[in-house]
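Below is one structure, written out as structure tokens; comments come after it.
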Amino acid sequence: QVQLVESGGGLVQPGGSLRLSCVASENIAGSKFLGWYRQAPGKERDLVARISRGGITNYADSVKGRFTISRDNGKNTLYLQMNSLKPEDTAVYFCNLVGWFSSQNYWGQGTQVTVSS
């Protein structure tokens, strides 16, 4: 069972930046996908960004050009750099790790991001 712990959330003004981190309890280098999802109140959990084992990245259209996902395999850490934040980015952000077997789908506890003046 892989444990994922997110950090870096908080309150930021529109136009500001935050960097989220997700530390895994095990080696992430072999994982199939690592991703960030978010869930706003009353809404479904949606993909924000994802990075494959080979380094291929995918972003939701709403965050393209503003958010950057990256990984540091040596530190077993996934990052999400968020720039030019908007009020509609307000949500709980979750880290996700997907392995090569169907049972290997792990989630962190989430970190709150609030964008407000």
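Residue numbering restarts at 1 for every chain of the structure tokens, chains are lettered A, B, ... in their displayed order, and ligands are numbered from 1 as they appear.
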
Exercise. Which neighbours of Leu4 (chain A) fall inside 8 Å, counting only C-alpha atoms, when residues of the same chain fewer than 2 positions from it are skipped, and could you give them as a ChimeraX atom specification?
Worked result: /A:2,6,22-25,95-96,106-109

Write a file of the selected residues as a PDB file, in the first residue's frame, keeping N, CA and C atoms.
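Final output, saved to result01.pdb:
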```pdb
ATOM      1  N   VAL A   2       0.747   2.056  -1.021  1.00  0.00           N
ATOM      2  CA  VAL A   2       1.530   3.277  -1.137  1.00  0.00           C
ATOM      3  C   VAL A   2       0.810   4.413  -0.428  1.00  0.00           C
ATOM      4  N   GLU A   6       0.157  15.005   0.432  1.00  0.00           N
ATOM      5  CA  GLU A   6       0.239  16.282  -0.264  1.00  0.00           C
ATOM      6  C   GLU A   6       0.534  17.421   0.721  1.00  0.00           C
ATOM      7  N   CYS A  22       3.760  16.230  -3.442  1.00  0.00           N
ATOM      8  CA  CYS A  22       3.177  14.949  -3.043  1.00  0.00           C
ATOM      9  C   CYS A  22       4.321  13.980  -2.836  1.00  0.00           C
ATOM     10  N   VAL A  23       4.518  13.570  -1.593  1.00  0.00           N
ATOM     11  CA  VAL A  23       5.591  12.637  -1.270  1.00  0.00           C
ATOM     12  C   VAL A  23       5.012  11.237  -1.131  1.00  0.00           C
ATOM     13  N   ALA A  24       5.624  10.295  -1.826  1.00  0.00           N
ATOM     14  CA  ALA A  24       5.179   8.902  -1.793  1.00  0.00           C
ATOM     15  C   ALA A  24       6.035   8.094  -0.826  1.00  0.00           C
ATOM     16  N   SER A  25       5.414   7.072  -0.235  1.00  0.00           N
ATOM     17  CA  SER A  25       6.125   6.228   0.730  1.00  0.00           C
ATOM     18  C   SER A  25       7.008   5.186   0.047  1.00  0.00           C
ATOM     19  N   CYS A  95      -3.375  14.007  -5.004  1.00  0.00           N
ATOM     20  CA  CYS A  95      -2.302  13.325  -5.715  1.00  0.00           C
ATOM     21  C   CYS A  95      -2.760  11.895  -5.999  1.00  0.00           C
ATOM     22  N   ASN A  96      -2.381  11.384  -7.158  1.00  0.00           N
ATOM     23  CA  ASN A  96      -2.778  10.032  -7.563  1.00  0.00           C
ATOM     24  C   ASN A  96      -1.603   9.289  -8.159  1.00  0.00           C
ATOM     25  N   TYR A 106      -3.718   4.671  -6.087  1.00  0.00           N
ATOM     26  CA  TYR A 106      -3.613   5.242  -4.756  1.00  0.00           C
ATOM     27  C   TYR A 106      -3.871   6.744  -4.772  1.00  0.00           C
ATOM     28  N   TRP A 107      -4.446   7.226  -3.659  1.00  0.00           N
ATOM     29  CA  TRP A 107      -4.786   8.639  -3.535  1.00  0.00           C
ATOM     30  C   TRP A 107      -4.232   9.210  -2.236  1.00  0.00           C
ATOM     31  N   GLY A 108      -3.877  10.480  -2.297  1.00  0.00           N
ATOM     32  CA  GLY A 108      -3.530  11.193  -1.086  1.00  0.00           C
ATOM     33  C   GLY A 108      -4.778  11.714  -0.400  1.00  0.00           C
ATOM     34  N   GLN A 109      -4.581  12.397   0.708  1.00  0.00           N
ATOM     35  CA  GLN A 109      -5.712  12.886   1.503  1.00  0.00           C
ATOM     36  C   GLN A 109      -6.237  14.227   0.997  1.00  0.00           C
TER      37      GLN A 109
END
```

Exercise. Can you list, as an MDAnalysis selection string, every protein, DNA or RNA residue that comes within 7 Å of Ser21 (chain A) when you count only C-alpha atoms, leaving out same-chain residues fewer than 2 positions away?
Worked result: chainID A and resid 6:8 19 23 77:80

Preceding selection exported with all heavy atoms as an mmCIF file, in the first residue's frame:
```
data_model
loop_
_atom_site.group_PDB
_atom_site.id
_atom_site.type_symbol
_atom_site.label_atom_id
_atom_site.label_comp_id
_atom_site.auth_asym_id
_atom_site.auth_seq_id
_atom_site.Cartn_x
_atom_site.Cartn_y
_atom_site.Cartn_z
ATOM 1 N N GLU A 6 0.157 15.005 0.432
ATOM 2 C CA GLU A 6 0.239 16.282 -0.264
ATOM 3 C C GLU A 6 0.534 17.421 0.721
ATOM 4 O O GLU A 6 0.183 17.337 1.907
ATOM 5 C CB GLU A 6 -1.071 16.609 -0.992
ATOM 6 C CG GLU A 6 -1.522 15.596 -2.008
ATOM 7 C CD GLU A 6 -2.601 14.680 -1.477
ATOM 8 O OE1 GLU A 6 -2.631 14.471 -0.247
ATOM 9 O OE2 GLU A 6 -3.414 14.184 -2.283
ATOM 10 N N SER A 7 1.116 18.467 0.199
ATOM 11 C CA SER A 7 1.345 19.688 0.968
ATOM 12 C C SER A 7 1.462 20.857 -0.001
ATOM 13 O O SER A 7 1.580 20.660 -1.215
ATOM 14 C CB SER A 7 2.604 19.576 1.830
ATOM 15 O OG SER A 7 3.748 19.409 1.017
ATOM 16 N N GLY A 8 1.423 22.064 0.555
ATOM 17 C CA GLY A 8 1.632 23.250 -0.264
ATOM 18 C C GLY A 8 0.387 24.044 -0.575
ATOM 19 O O GLY A 8 0.470 25.112 -1.186
ATOM 20 N N ARG A 19 2.968 26.073 -5.169
ATOM 21 C CA ARG A 19 3.543 24.800 -5.614
ATOM 22 C C ARG A 19 3.104 23.707 -4.663
ATOM 23 O O ARG A 19 3.403 23.756 -3.464
ATOM 24 C CB ARG A 19 5.066 24.843 -5.688
ATOM 25 C CG ARG A 19 5.636 23.586 -6.331
ATOM 26 C CD ARG A 19 7.126 23.622 -6.512
ATOM 27 N NE ARG A 19 7.849 23.277 -5.293
ATOM 28 C CZ ARG A 19 9.068 22.753 -5.261
ATOM 29 N NH1 ARG A 19 9.709 22.520 -6.401
ATOM 30 N NH2 ARG A 19 9.674 22.492 -4.117
ATOM 31 N N VAL A 23 4.518 13.570 -1.593
ATOM 32 C CA VAL A 23 5.591 12.637 -1.270
ATOM 33 C C VAL A 23 5.012 11.237 -1.131
ATOM 34 O O VAL A 23 4.027 11.030 -0.400
ATOM 35 C CB VAL A 23 6.298 13.046 0.031
ATOM 36 C CG1 VAL A 23 7.404 12.049 0.361
ATOM 37 C CG2 VAL A 23 6.872 14.450 -0.100
ATOM 38 N N THR A 77 8.837 12.282 -5.155
ATOM 39 C CA THR A 77 7.958 13.435 -5.004
ATOM 40 C C THR A 77 7.417 13.898 -6.345
ATOM 41 O O THR A 77 8.146 13.968 -7.336
ATOM 42 C CB THR A 77 8.702 14.596 -4.318
ATOM 43 O OG1 THR A 77 9.185 14.165 -3.043
ATOM 44 C CG2 THR A 77 7.770 15.783 -4.107
ATOM 45 N N LEU A 78 6.139 14.221 -6.323
ATOM 46 C CA LEU A 78 5.437 14.791 -7.472
ATOM 47 C C LEU A 78 5.112 16.246 -7.141
ATOM 48 O O LEU A 78 4.766 16.553 -5.999
ATOM 49 C CB LEU A 78 4.144 14.018 -7.738
ATOM 50 C CG LEU A 78 3.256 14.509 -8.865
ATOM 51 C CD1 LEU A 78 3.909 14.223 -10.223
ATOM 52 C CD2 LEU A 78 1.882 13.849 -8.783
ATOM 53 N N TYR A 79 5.232 17.116 -8.137
ATOM 54 C CA TYR A 79 4.974 18.532 -7.929
ATOM 55 C C TYR A 79 3.909 19.049 -8.885
ATOM 56 O O TYR A 79 3.702 18.501 -9.963
ATOM 57 C CB TYR A 79 6.251 19.360 -8.152
ATOM 58 C CG TYR A 79 7.395 18.996 -7.256
ATOM 59 C CD1 TYR A 79 8.442 18.194 -7.729
ATOM 60 C CD2 TYR A 79 7.457 19.452 -5.943
ATOM 61 C CE1 TYR A 79 9.506 17.866 -6.914
ATOM 62 C CE2 TYR A 79 8.527 19.127 -5.121
ATOM 63 C CZ TYR A 79 9.547 18.326 -5.618
ATOM 64 O OH TYR A 79 10.592 17.999 -4.803
ATOM 65 N N LEU A 80 3.266 20.137 -8.466
ATOM 66 C CA LEU A 80 2.391 20.877 -9.361
ATOM 67 C C LEU A 80 2.650 22.356 -9.118
ATOM 68 O O LEU A 80 2.295 22.888 -8.066
ATOM 69 C CB LEU A 80 0.916 20.545 -9.125
ATOM 70 C CG LEU A 80 -0.046 21.217 -10.099
ATOM 71 C CD1 LEU A 80 0.131 20.640 -11.512
ATOM 72 C CD2 LEU A 80 -1.503 21.051 -9.641
#
```

For this session: Could you give me, as a count of residues only, the residues within 9 Å of Gly10 (chain A), counting only C-alpha atoms and dropping anything in the same chain fewer than 3 positions from it?
Result: 6

For this session: Please provide the set of residues having any atom within 9 Å of Gln81 (chain A), restricted to only C-alpha atoms, with same-chain residues fewer than 3 positions apart removed, written as a ChimeraX atom specification.
Result: /A:17-21,66-70

Exercise. Taking only C-alpha atoms into account, which of A:Lys43, A:Arg38, A:Lys64, A:Arg53 comes nearest Trp100 (chain A)?
Worked result: A:Arg53

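The protein and nucleic acid residues lying at most 9 Å from Leu47 (chain A) are Gly35, Trp36, Tyr37, Arg38, Arg50, Tyr59 and Ala60 of chain A, with only C-alpha atoms considered and sequence neighbours fewer than 3 positions away removed.
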
Residues of the last selection are to be written out with N, CA, C and O atoms, as a short mmCIF file (atom, residue, chain, number, x, y, z; two decimals), in the first residue's frame.
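For reference, out.cif as written:
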```cif
data_model
loop_
_atom_site.label_atom_id
_atom_site.label_comp_id
_atom_site.auth_asym_id
_atom_site.auth_seq_id
_atom_site.Cartn_x
_atom_site.Cartn_y
_atom_site.Cartn_z
N GLY A 35 -0.45 11.75 -11.05
CA GLY A 35 -1.32 12.84 -11.46
C GLY A 35 -1.83 13.67 -10.33
O GLY A 35 -1.73 13.30 -9.15
N TRP A 36 -2.35 14.82 -10.71
CA TRP A 36 -3.05 15.71 -9.79
C TRP A 36 -4.49 15.84 -10.26
O TRP A 36 -4.74 16.06 -11.45
N TYR A 37 -5.40 15.71 -9.33
CA TYR A 37 -6.82 15.89 -9.57
C TYR A 37 -7.32 16.96 -8.61
O TYR A 37 -6.68 17.25 -7.60
N ARG A 38 -8.48 17.50 -8.91
CA ARG A 38 -9.07 18.47 -7.98
C ARG A 38 -10.57 18.29 -7.93
O ARG A 38 -11.19 17.82 -8.88
N ARG A 50 -1.27 15.14 -15.54
CA ARG A 50 -0.78 13.78 -15.36
C ARG A 50 0.55 13.64 -16.07
O ARG A 50 0.77 14.27 -17.12
N TYR A 59 -2.60 17.85 -19.65
CA TYR A 59 -3.19 18.89 -18.81
C TYR A 59 -4.65 19.10 -19.19
O TYR A 59 -5.03 18.99 -20.36
N ALA A 60 -5.44 19.45 -18.20
CA ALA A 60 -6.79 19.91 -18.49
C ALA A 60 -6.69 21.22 -19.26
O ALA A 60 -5.78 22.03 -19.02
#
```
